[in-house]
Amino acid sequence: MNKQAIKILFLFLCFIFVNEVYAQVGPAHGWDAPKIKGTRQEIYSIYEGKPYFTDNWCLGKIQLSNGETIDSLYLRYSSFKDELIYFNKQINTQIRIDKSIISAFKFTDENGQLHSFRKQQFDNAAKSERYFEILSEGSVDLLCYKKVNLDEVSPYHDSKGTLKNMAYRQEYLYYFYSPAEGYAPVKPSKNGLLAQFDKQSQKPVKKLLRKNKIYISDEFTFIAAWETIEKNGFKVMF
Amino acid sequence: MKEKTIILILLVLASIILKAQQIIPLSVSSDRDVYVSGEIMLVKVFIPINDQSKVNYLDLLNLQGKRVSGAILKINNHQADGFLQLPDSLSTGTYILRSYSKSPANNLKVIKEVWVANRFNGLEKTRQIPRLALNNIDKKSSASIKIENIQYEVKSNSDNNLAINIDQQFINQIDGDVSICISQYDNLFKSSSAFVVSEAKDTTDLLGSKGLILSGLVTDKKTSQPTSGINVFFTIPDSIPDFQYYKTGFDGKFYFQLNNYSGLINPFIQCFSTNQLQRLKITLDDSYTASELVPSFNLQAVTDSFKNNNARNIDVITFQKIFEQQPFKIIQEPQKKTNEYPYYGKPNKIINPHLFIDLPNFTEISRELLSGVKFRNYNNEPTLQILNYATNSYFEEMPLTLIDGIPIRNLNLIKDLGTQDIKRVDICASERYYGDLKFPGVVAVYTTKADYSNIKETDQFIHPTLDAVQPQITLSQSDINNTTTPDLRQVLYWAPTIQLQNIIPVKFRTSAILGKFMISVRCRLKDGSIVCEEKQFEVK
């Protein structure tokens, strides 16, 4: 390209740039986006184990109870308190989002895996609302309540040499859920899964898993097993 | 060769851009062309397809170009309908009905002339009628729309049925709904609509697609310069106050969404600087566009028959006012409750002081009833602190303090409130956040009177009355059983959005008013042109 052509292109780009700048006059970006209500997140005491579901802030989005969505938020799910925390970059603060304004949220973790959570009322006496991770969605959902408890443990010295007797311990609870039938607790193991089916179905289910070479050893294989079973039309007993 | 190729590409690009900006016409029509001051004018507007605006602005200008009335209409499917209340004080003359949006894709405004006779003076001093020299843009008739089953002469106070027959092939050409109006007609003042192009554009033009936006400017009172970094609060007090905020940029401008409101609203708009000594001033932008030059007009002599018709209309309206007849009914939509609890959060504590022993002031109330709230009034300088439950220590900063949902900084407003004056106190004893706003605890006082009389307006705390999107209007049903007062409706049928079908049945009842009436069927074709089919009949 000769100089003349470059000059013309440069002038054209300048024209576009000026137009863009003019178009940006007006309100600040996101001025009319829904606002998040919350409380300052107080830092948890440090013990062995992790109170949070992820080690770092993860980019994600939340769906509000009124149907609006807010994306590009730095989120962190507290398994210990069953709370969603976001980092407000403008004011440099960790804010615990009011549970009542959220209906669902999702984020991508450090390994690139998408985690999708939904707020649901649980069948306990208090009818409290919990965030469940949706492991599989269908006519029957496979949900997980990613709970972490602060338990008393044998005394130990932390990295700073302080003697402690408490630790965060994972106690993930898995459920099959259907809006009509409610919750059915399930253990993430082969026997736990088989126990969810009537006796007549257990044998074919076992055969199906063997045929598909699925050996339940962790959450991923558990989900894969359930999805295969569901695809083949086996119904869970509630 | 390369140069020529680049220039060619640029020309093609420019032509594509220009083609994208091609404008499809818009149109405004009203139920009648001749009115009496104090009446309601019904309006239907077609908006260009490329205009993504959510609201349409409608106003009435006098022949000096000054606005005398206005309304903001909600746009649905590129159409809008609504009404204009003609002020009682309008002097007799020709007025201009103007419709426009604030979309950057549409810089056109459409105008239509109407005649308004003053209810008290009539046409006593009127010798000539100014008529605008306008080009008719929408009088395209179509043989494919037939108005059937109506005789030329119809009895007064009688039930009638007619049918609008639209060709099936023509239906496919129509874009959107059909509007039908049957109203009194005066052939001496028949108005048309025409375009005027507005060159003027402001920054709010960029917000057309966002709906109804309130904008304004914060300036420093000393320097009169726009001020940045100022938090502007917009509050509509209620049991759950509605709240918005905006932090001003370098241009000092602020913007608030008014899409969720309808009718007239009375928000409290205030701004706060981090520097307590800085004095600020809020100026609101006018929602409507500025006045403009009116097109040239010709003078037409007033005939006796026009004078008589006007005199009769004035009598009709005076009669309706005396007997409180309402020809139209405004449908107020219930305000949507978008929040379960206030923006400042669910209160940790709610205290109802009037249920307790009589306490004379807020200091006593805080001591006796509000644990964790420290209100002191030493040397007439009140202070307020709140206990943070999370840390079990008092916040150093003053909490967000509200009176009837309105944020205040002057604690003198609450210091004299006793138990009998306060209905409820909400307390949030934690550090609360709303968007980027931080509240070091919240004390919200709701008074029994809730009349906001204690709050004085200043330059940085204003309480304007604003137009939000207009509520819907319908015709009132005629009362057949009422034999004591005559039925004096001048508009017999008004259906601005009727779903398209082959045969549209129209059922209407004539009133006691005799004379000429017009049936008009209006729609827009997919090519943007407006079709209007009309048929006259006489009530005897």
# chains A, B, ... in the order shown; residues from 1 in each chain; ligands from 1
$ interface_residues --of "chain B" --to "chain A" --cutoff "7 Å" --atoms "only C-alpha atoms" --output "JSON, numbers by chain"
{"B": [3, 203, 255, 343, 345, 430, 431, 432, 433, 434, 435, 436]}
$ select_by_dssp --residues "segment 9-231 of chain A" --states "alpha helix (DSSP H)" --output "VMD selection string"
chain A and resid 9 to 23 190 to 194 199 to 211 219 to 231
$ write_last_selection --atoms "N, CA and C atoms" --output "short mmCIF file (atom, residue, chain, number, x, y, z; two decimals), in the first residue's frame"
data_model
loop_
_atom_site.label_atom_id
_atom_site.label_comp_id
_atom_site.auth_asym_id
_atom_site.auth_seq_id
_atom_site.Cartn_x
_atom_site.Cartn_y
_atom_site.Cartn_z
N LEU A 9 -6.87 5.87 4.65
CA LEU A 9 -7.34 4.94 5.69
C LEU A 9 -7.25 5.56 7.08
N PHE A 10 -6.14 6.27 7.33
CA PHE A 10 -5.92 6.91 8.61
C PHE A 10 -7.02 7.95 8.88
N LEU A 11 -7.33 8.75 7.85
CA LEU A 11 -8.37 9.77 7.99
C LEU A 11 -9.72 9.12 8.28
N PHE A 12 -10.00 8.01 7.58
CA PHE A 12 -11.27 7.31 7.77
C PHE A 12 -11.37 6.76 9.20
N LEU A 13 -10.27 6.18 9.68
CA LEU A 13 -10.26 5.64 11.05
C LEU A 13 -10.45 6.77 12.06
N CYS A 14 -9.82 7.93 11.81
CA CYS A 14 -9.96 9.09 12.69
C CYS A 14 -11.43 9.51 12.75
N PHE A 15 -12.08 9.51 11.58
CA PHE A 15 -13.49 9.90 11.49
C PHE A 15 -14.35 8.96 12.35
N ILE A 16 -14.07 7.65 12.22
CA ILE A 16 -14.83 6.66 13.01
C ILE A 16 -14.59 6.86 14.50
N PHE A 17 -13.31 7.11 14.87
CA PHE A 17 -12.95 7.29 16.27
C PHE A 17 -13.67 8.49 16.88
N VAL A 18 -13.67 9.61 16.12
CA VAL A 18 -14.35 10.83 16.60
C VAL A 18 -15.83 10.56 16.81
N ASN A 19 -16.43 9.82 15.87
CA ASN A 19 -17.85 9.49 16.00
C ASN A 19 -18.11 8.64 17.23
N GLU A 20 -17.21 7.69 17.48
CA GLU A 20 -17.34 6.81 18.64
C GLU A 20 -17.28 7.62 19.93
N VAL A 21 -16.30 8.55 19.98
CA VAL A 21 -16.13 9.37 21.19
C VAL A 21 -17.38 10.20 21.41
N TYR A 22 -17.93 10.75 20.33
CA TYR A 22 -19.15 11.55 20.45
C TYR A 22 -20.29 10.69 20.98
N ALA A 23 -20.33 9.44 20.47
CA ALA A 23 -21.41 8.54 20.88
C ALA A 23 -21.32 8.18 22.36
N LYS A 190 -21.69 -46.05 44.16
CA LYS A 190 -22.46 -47.00 43.34
C LYS A 190 -23.66 -47.53 44.12
N ASN A 191 -23.39 -47.95 45.36
CA ASN A 191 -24.47 -48.51 46.18
C ASN A 191 -25.52 -47.46 46.52
N GLY A 192 -25.02 -46.26 46.81
CA GLY A 192 -25.93 -45.15 47.12
C GLY A 192 -26.85 -44.87 45.95
N LEU A 193 -26.31 -44.87 44.76
CA LEU A 193 -27.10 -44.59 43.55
C LEU A 193 -28.10 -45.71 43.30
N LEU A 194 -27.63 -46.95 43.43
CA LEU A 194 -28.52 -48.10 43.18
C LEU A 194 -29.70 -48.12 44.15
N LYS A 199 -36.07 -52.54 43.32
CA LYS A 199 -35.23 -53.74 43.23
C LYS A 199 -35.15 -54.28 41.81
N GLN A 200 -36.28 -54.18 41.09
CA GLN A 200 -36.31 -54.71 39.71
C GLN A 200 -35.37 -53.94 38.79
N SER A 201 -35.21 -52.64 39.07
CA SER A 201 -34.39 -51.79 38.19
C SER A 201 -32.91 -51.86 38.53
N GLN A 202 -32.61 -52.27 39.76
CA GLN A 202 -31.21 -52.21 40.21
C GLN A 202 -30.27 -53.03 39.33
N LYS A 203 -30.73 -54.20 38.94
CA LYS A 203 -29.86 -55.09 38.15
C LYS A 203 -29.58 -54.49 36.76
N PRO A 204 -30.65 -54.08 36.06
CA PRO A 204 -30.37 -53.45 34.75
C PRO A 204 -29.54 -52.18 34.86
N VAL A 205 -29.72 -51.42 35.94
CA VAL A 205 -28.92 -50.19 36.13
C VAL A 205 -27.45 -50.56 36.29
N LYS A 206 -27.21 -51.58 37.12
CA LYS A 206 -25.84 -52.06 37.34
C LYS A 206 -25.21 -52.50 36.02
N LYS A 207 -26.03 -53.19 35.22
CA LYS A 207 -25.57 -53.71 33.93
C LYS A 207 -25.25 -52.56 32.98
N LEU A 208 -26.12 -51.54 33.04
CA LEU A 208 -25.95 -50.36 32.17
C LEU A 208 -24.64 -49.64 32.48
N LEU A 209 -24.36 -49.49 33.78
CA LEU A 209 -23.13 -48.80 34.19
C LEU A 209 -21.89 -49.60 33.75
N ARG A 210 -22.01 -50.93 33.90
CA ARG A 210 -20.89 -51.80 33.54
C ARG A 210 -20.65 -51.74 32.02
N LYS A 211 -21.78 -51.74 31.28
CA LYS A 211 -21.70 -51.71 29.82
C LYS A 211 -21.05 -50.41 29.35
N GLU A 219 -17.21 -37.09 42.05
CA GLU A 219 -18.43 -36.38 41.66
C GLU A 219 -18.68 -36.46 40.15
N PHE A 220 -17.60 -36.34 39.37
CA PHE A 220 -17.74 -36.35 37.91
C PHE A 220 -18.34 -37.67 37.42
N THR A 221 -17.78 -38.78 37.94
CA THR A 221 -18.28 -40.09 37.49
C THR A 221 -19.69 -40.35 38.02
N PHE A 222 -19.96 -39.78 39.18
CA PHE A 222 -21.31 -39.92 39.75
C PHE A 222 -22.34 -39.24 38.85
N ILE A 223 -21.97 -38.02 38.39
CA ILE A 223 -22.87 -37.28 37.49
C ILE A 223 -23.03 -38.05 36.17
N ALA A 224 -21.90 -38.53 35.64
CA ALA A 224 -21.94 -39.27 34.37
C ALA A 224 -22.84 -40.50 34.51
N ALA A 225 -22.72 -41.20 35.66
CA ALA A 225 -23.54 -42.39 35.90
C ALA A 225 -25.02 -42.03 35.90
N TRP A 226 -25.36 -40.98 36.62
CA TRP A 226 -26.77 -40.58 36.72
C TRP A 226 -27.31 -40.16 35.35
N GLU A 227 -26.51 -39.42 34.58
CA GLU A 227 -26.99 -38.95 33.28
C GLU A 227 -27.24 -40.13 32.33
N THR A 228 -26.38 -41.14 32.43
CA THR A 228 -26.56 -42.33 31.59
C THR A 228 -27.83 -43.07 32.01
N ILE A 229 -28.01 -43.19 33.31
CA ILE A 229 -29.20 -43.91 33.82
C ILE A 229 -30.48 -43.18 33.40
N GLU A 230 -30.45 -41.85 33.56
CA GLU A 230 -31.64 -41.04 33.24
C GLU A 230 -31.99 -41.15 31.76
N LYS A 231 -30.91 -41.12 30.93
CA LYS A 231 -31.12 -41.20 29.48
C LYS A 231 -31.82 -42.51 29.11
#
$ residues_around --residues "Glu181 of chain A" --least-positions-apart "4" --cutoff "10 Å" --atoms "only C-alpha atoms" --output "list in words"
Val140, Phe176, Tyr177, Met237 and Phe238 of chain A
$ closest_residue --among "A:Asn232, A:Ser78, A:Ser116, A:Asn111" --to "Tyr44 of chain A" --atoms "only C-alpha atoms"
A:Ser78
$ atom_distance --atom1 "atom CA of Ala444 of chain B" --atom2 "atom CA of Ser273 of chain B"
21.2 Å
$ atom_distance --atom1 "atom CA of Asn313 of chain B" --atom2 "atom CA of Tyr35 of chain B"
7.7 Å
$ residues_around --residues "Pro185 of chain A" --least-positions-apart "4" --cutoff "12 Å" --atoms "only C-alpha atoms" --output "list of chain:residue names"
A:Phe122, A:Asp123, A:Asp141, A:Leu142, A:Leu143, A:Cys144, A:Tyr145, A:Tyr172, A:Leu173, A:Tyr174, A:Tyr175, A:Phe176, A:Tyr177, A:Ser178, A:Gly192, A:Leu193, A:Ala195, A:Gln196, A:Val236, A:Met237, A:Phe238
$ select_by_dssp --residues "segment 49-173 of chain A" --states "strand (DSSP E)" --output "VMD selection string"
chain A and resid 58 to 64 69 to 78 83 to 88 93 to 97 102 to 108 114 to 121 129 to 136 141 to 145 148 to 157 163 to 170 173
$ residues_around --residues "segment 208-214 of chain B" --least-positions-apart "5" --cutoff "6 Å" --atoms "only C-alpha atoms" --output "VMD selection string"
chain B and resid 52 to 55 102 to 103 255 to 259
$ closest_residue --among "B:Val442, B:Asp59, B:Glu396, B:Arg376" --to "Asp416 of chain B" --atoms "only C-alpha atoms"
B:Arg376
$ residues_around --residues "segment 304-310 of chain B" --least-positions-apart "2" --cutoff "8 Å" --atoms "only C-alpha atoms" --output "ChimeraX atom specification"
/B:36,117,122-123,186,188,302,312-314
$ write_last_selection --atoms "C-alpha atoms" --output "tab-separated table (two decimals), in the first residue's frame"
chain	number	residue	atom	x	y	z
B	36	VAL	CA	-62.81	23.63	23.86
B	117	ALA	CA	-61.96	27.76	21.74
B	122	GLY	CA	-65.49	31.73	22.95
B	123	LEU	CA	-64.87	33.34	19.58
B	186	ASP	CA	-66.32	20.15	11.69
B	188	LEU	CA	-64.52	24.09	8.40
B	302	VAL	CA	-64.30	32.86	10.47
B	312	ARG	CA	-72.45	24.77	20.89
B	313	ASN	CA	-69.28	22.89	21.87
B	314	ILE	CA	-68.64	25.38	24.67
